[in-house]
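Down below is the structure, laid out as structure tokens.
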Amino acid sequence: MTMLAGCGDPGPETCELGENRTRVDPGEEFTLSVLVDTAMGERWYLTSPDLDPDVVRRTDRRQEIQADDDDVGSGSGTGLFDFKAVGPGTTQIRLIQCPRGACAGGGSAGGPVTPSPVPSGSPTPDEKYRATVHTYTVTVRKS
């Protein structure tokens, strides 16, 4: 199991939302972890600008959902984005939190996801239905 500096010192190999900077060695694998509210139709995506593929490469994306058996349609869990450090440098990884109807774009097809504009004259969406972007800065040390 690899350890990351920056997600705690010494840190876990999984970085959570409040941990927005990490430093890793080339070849190390790490995970970005985000909370998911499936009852709200929420999804998380990697968004633009793209990360530098010479520094970090995405290896996997998955969700671990805990459903509430007493409440059909409810559930929450964790969205996990796995990466591998490729070469020295610094890059940013941007994840976007998209409640139902808040985002448009490629998403599951692999294309970038962007928040949808609010049509002119429409009321501003309730805060809980807006897309939110979280940025992680990853530095891969020289070997």
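Here's how to read the names in the structure tokens: chain A, B, ... by the order shown, residue numbers from 1 in each chain, ligand numbers from 1 in the order shown.
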
If we count only C-alpha atoms and set the cut-off at 8 Å, which residues sit around Gln97 (chain A), ignoring sequence neighbours fewer than 6 positions away in its own chain? Please answer as a PDB file with N, CA, C and O atoms, in the first residue's frame.
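And here is the file that came out, out.pdb:
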ATOM      1  N   GLU A  42     -27.372  12.544  -7.983  1.00  0.00           N
ATOM      2  CA  GLU A  42     -26.064  13.185  -8.088  1.00  0.00           C
ATOM      3  C   GLU A  42     -25.038  12.274  -8.755  1.00  0.00           C
ATOM      4  O   GLU A  42     -25.017  11.074  -8.525  1.00  0.00           O
ATOM      5  N   ARG A  43     -24.180  12.878  -9.559  1.00  0.00           N
ATOM      6  CA  ARG A  43     -23.076  12.184 -10.209  1.00  0.00           C
ATOM      7  C   ARG A  43     -21.832  13.066 -10.133  1.00  0.00           C
ATOM      8  O   ARG A  43     -21.928  14.287 -10.069  1.00  0.00           O
ATOM      9  N   TRP A  44     -20.674  12.447 -10.184  1.00  0.00           N
ATOM     10  CA  TRP A  44     -19.384  13.134 -10.219  1.00  0.00           C
ATOM     11  C   TRP A  44     -18.670  12.754 -11.509  1.00  0.00           C
ATOM     12  O   TRP A  44     -18.734  11.605 -11.932  1.00  0.00           O
ATOM     13  N   TYR A  45     -17.990  13.735 -12.119  1.00  0.00           N
ATOM     14  CA  TYR A  45     -17.263  13.503 -13.356  1.00  0.00           C
ATOM     15  C   TYR A  45     -15.933  14.232 -13.311  1.00  0.00           C
ATOM     16  O   TYR A  45     -15.786  15.261 -12.655  1.00  0.00           O
ATOM     17  N   ALA A 131     -24.133  22.738 -10.013  1.00  0.00           N
ATOM     18  CA  ALA A 131     -22.918  21.950 -10.149  1.00  0.00           C
ATOM     19  C   ALA A 131     -21.798  22.640  -9.371  1.00  0.00           C
ATOM     20  O   ALA A 131     -21.725  23.861  -9.314  1.00  0.00           O
ATOM     21  N   THR A 132     -20.942  21.839  -8.764  1.00  0.00           N
ATOM     22  CA  THR A 132     -19.820  22.356  -7.990  1.00  0.00           C
ATOM     23  C   THR A 132     -18.542  21.689  -8.477  1.00  0.00           C
ATOM     24  O   THR A 132     -18.512  20.468  -8.653  1.00  0.00           O
ATOM     25  N   VAL A 133     -17.493  22.478  -8.689  1.00  0.00           N
ATOM     26  CA  VAL A 133     -16.210  21.942  -9.145  1.00  0.00           C
ATOM     27  C   VAL A 133     -15.228  21.929  -7.977  1.00  0.00           C
ATOM     28  O   VAL A 133     -15.111  22.910  -7.246  1.00  0.00           O
ATOM     29  N   HIS A 134     -14.534  20.805  -7.829  1.00  0.00           N
ATOM     30  CA  HIS A 134     -13.477  20.667  -6.822  1.00  0.00           C
ATOM     31  C   HIS A 134     -12.174  20.413  -7.565  1.00  0.00           C
ATOM     32  O   HIS A 134     -12.120  19.563  -8.458  1.00  0.00           O
TER      33      HIS A 134
END

From the list A:Leu46, A:Val55, A:Val140, A:Cys15, the nearest residue to Ile93 (chain A) using only C-alpha atoms is A:Leu46

9 Å contact set for Arg57 (chain A), only C-alpha atoms, chain neighbours under 3 positions out, as a ChimeraX atom specification
/A:51-54,82-86

Please provide the set of residues having any atom within 10 Å of Phe81 (chain A), restricted to only C-alpha atoms, with same-chain residues fewer than 3 positions apart removed, written as an mmCIF file with C-alpha atoms, in the first residue's frame.
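Here's the written file around_26.cif:
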data_model
loop_
_atom_site.group_PDB
_atom_site.id
_atom_site.type_symbol
_atom_site.label_atom_id
_atom_site.label_comp_id
_atom_site.auth_asym_id
_atom_site.auth_seq_id
_atom_site.Cartn_x
_atom_site.Cartn_y
_atom_site.Cartn_z
ATOM 1 C CA THR A 14 -7.149 8.127 -0.736
ATOM 2 C CA CYS A 15 -7.660 11.904 -0.786
ATOM 3 C CA PHE A 30 -3.832 7.201 -5.585
ATOM 4 C CA THR A 31 -7.579 7.738 -5.325
ATOM 5 C CA LEU A 32 -9.749 10.845 -5.038
ATOM 6 C CA SER A 33 -12.841 10.147 -2.928
ATOM 7 C CA VAL A 34 -16.106 12.127 -3.001
ATOM 8 C CA TRP A 44 -19.384 13.134 -10.219
ATOM 9 C CA TYR A 45 -17.263 13.503 -13.356
ATOM 10 C CA LEU A 46 -13.739 14.446 -14.347
ATOM 11 C CA ARG A 58 -6.700 8.169 -14.757
ATOM 12 C CA THR A 59 -6.955 4.405 -14.298
ATOM 13 C CA ASP A 60 -10.501 3.804 -13.020
ATOM 14 C CA ARG A 61 -13.770 5.314 -11.773
ATOM 15 C CA ARG A 62 -16.270 3.527 -9.547
ATOM 16 C CA GLN A 63 -18.947 4.070 -6.911
ATOM 17 C CA THR A 78 -18.593 7.221 -2.276
ATOM 18 C CA LEU A 95 -14.024 16.911 -10.472
#

Report task. Quick one: pull the distance between CA of Ser143 (chain A) and CA of Leu17 (chain A), Å, one decimal. Result ->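 For CA of Ser143 (chain A) relative to CA of Leu17 (chain A), the distance reads 27.5 Å.
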
Of A:Asp50, A:Asp37, A:Glu19, A:Glu64, the one sitting nearest Cys98 (chain A) when using only C-alpha atoms is A:Asp37

Using only C-alpha atoms, the residue out of A:Thr90, A:Ser76, A:Ser48, A:Asn20 with shortest distance to Tyr136 (chain A) is A:Asn20

From the list A:Leu80, A:Gln66, A:Cys103, A:Arg94, the nearest residue to Ala39 (chain A) using only C-alpha atoms is A:Gln66

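Reported to one decimal place, the separation of CA of Pro99 (chain A) from CA of Thr139 (chain A) is 29.8 Å.
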
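Counting from CA of Thr137 (chain A), the distance to CA of Gly89 (chain A) is 10.6 Å.
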
- [ ] Per DSSP on the backbone, filter region 4-56 of chain A down to the residues in strand (DSSP E) and report them as a ChimeraX atom specification.
- [x] /A:14-15,21-24,29-37,43-47,56

Next, dump the selected residues to file, keeping only N, CA, C and O atoms, as a compact mmCIF listing (two decimals), in the first residue's frame.
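Resulting contents of part.txt:
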# COMPACT_ATOMS: atom_id res chain seq x y z
N THR A 14 -5.90 7.55 -0.25
CA THR A 14 -7.15 8.13 -0.74
C THR A 14 -7.28 9.55 -0.22
O THR A 14 -7.20 9.79 0.97
N CYS A 15 -7.48 10.50 -1.14
CA CYS A 15 -7.66 11.90 -0.79
C CYS A 15 -9.14 12.22 -0.81
O CYS A 15 -9.85 11.87 -1.76
N ARG A 21 -4.42 18.98 -2.10
CA ARG A 21 -3.05 18.94 -2.61
C ARG A 21 -2.41 17.62 -2.20
O ARG A 21 -2.59 17.18 -1.07
N THR A 22 -1.66 17.04 -3.11
CA THR A 22 -0.93 15.83 -2.76
C THR A 22 0.36 15.76 -3.57
O THR A 22 0.46 16.34 -4.64
N ARG A 23 1.33 15.05 -2.99
CA ARG A 23 2.61 14.83 -3.66
C ARG A 23 2.87 13.34 -3.67
O ARG A 23 2.72 12.67 -2.64
N VAL A 24 3.23 12.82 -4.84
CA VAL A 24 3.45 11.39 -5.01
C VAL A 24 4.74 11.15 -5.79
O VAL A 24 5.28 12.08 -6.40
N GLU A 29 0.08 4.94 -7.20
CA GLU A 29 -1.34 5.05 -7.50
C GLU A 29 -2.03 5.73 -6.33
O GLU A 29 -1.61 5.57 -5.18
N PHE A 30 -3.08 6.51 -6.63
CA PHE A 30 -3.83 7.20 -5.59
C PHE A 30 -5.27 7.35 -6.04
O PHE A 30 -5.59 7.19 -7.21
N THR A 31 -6.14 7.64 -5.07
CA THR A 31 -7.58 7.74 -5.33
C THR A 31 -8.12 9.04 -4.77
O THR A 31 -7.75 9.45 -3.67
N LEU A 32 -9.00 9.69 -5.53
CA LEU A 32 -9.75 10.84 -5.04
C LEU A 32 -11.13 10.33 -4.67
O LEU A 32 -11.78 9.64 -5.46
N SER A 33 -11.59 10.66 -3.47
CA SER A 33 -12.84 10.15 -2.93
C SER A 33 -13.82 11.29 -2.70
O SER A 33 -13.47 12.30 -2.10
N VAL A 34 -15.07 11.12 -3.17
CA VAL A 34 -16.11 12.13 -3.00
C VAL A 34 -17.40 11.47 -2.53
O VAL A 34 -17.68 10.32 -2.86
N LEU A 35 -18.19 12.19 -1.74
CA LEU A 35 -19.47 11.67 -1.27
C LEU A 35 -20.51 11.80 -2.38
O LEU A 35 -20.53 12.80 -3.10
N VAL A 36 -21.39 10.80 -2.51
CA VAL A 36 -22.41 10.77 -3.55
C VAL A 36 -23.78 10.61 -2.89
O VAL A 36 -23.96 9.75 -2.03
N ASP A 37 -24.74 11.44 -3.29
CA ASP A 37 -26.12 11.33 -2.81
C ASP A 37 -26.98 10.85 -3.98
O ASP A 37 -27.44 11.64 -4.80
N ARG A 43 -24.18 12.88 -9.56
CA ARG A 43 -23.08 12.18 -10.21
C ARG A 43 -21.83 13.07 -10.13
O ARG A 43 -21.93 14.29 -10.07
N TRP A 44 -20.67 12.45 -10.18
CA TRP A 44 -19.38 13.13 -10.22
C TRP A 44 -18.67 12.75 -11.51
O TRP A 44 -18.73 11.60 -11.93
N TYR A 45 -17.99 13.74 -12.12
CA TYR A 45 -17.26 13.50 -13.36
C TYR A 45 -15.93 14.23 -13.31
O TYR A 45 -15.79 15.26 -12.66
N LEU A 46 -14.98 13.73 -14.08
CA LEU A 46 -13.74 14.45 -14.35
C LEU A 46 -14.11 15.53 -15.35
O LEU A 46 -14.86 15.28 -16.30
N THR A 47 -13.67 16.76 -15.14
CA THR A 47 -14.06 17.85 -16.02
C THR A 47 -12.85 18.63 -16.52
O THR A 47 -11.73 18.42 -16.06
N VAL A 56 0.01 12.65 -14.73
CA VAL A 56 -0.94 11.75 -14.06
C VAL A 56 -1.87 11.15 -15.11
O VAL A 56 -2.28 11.83 -16.04
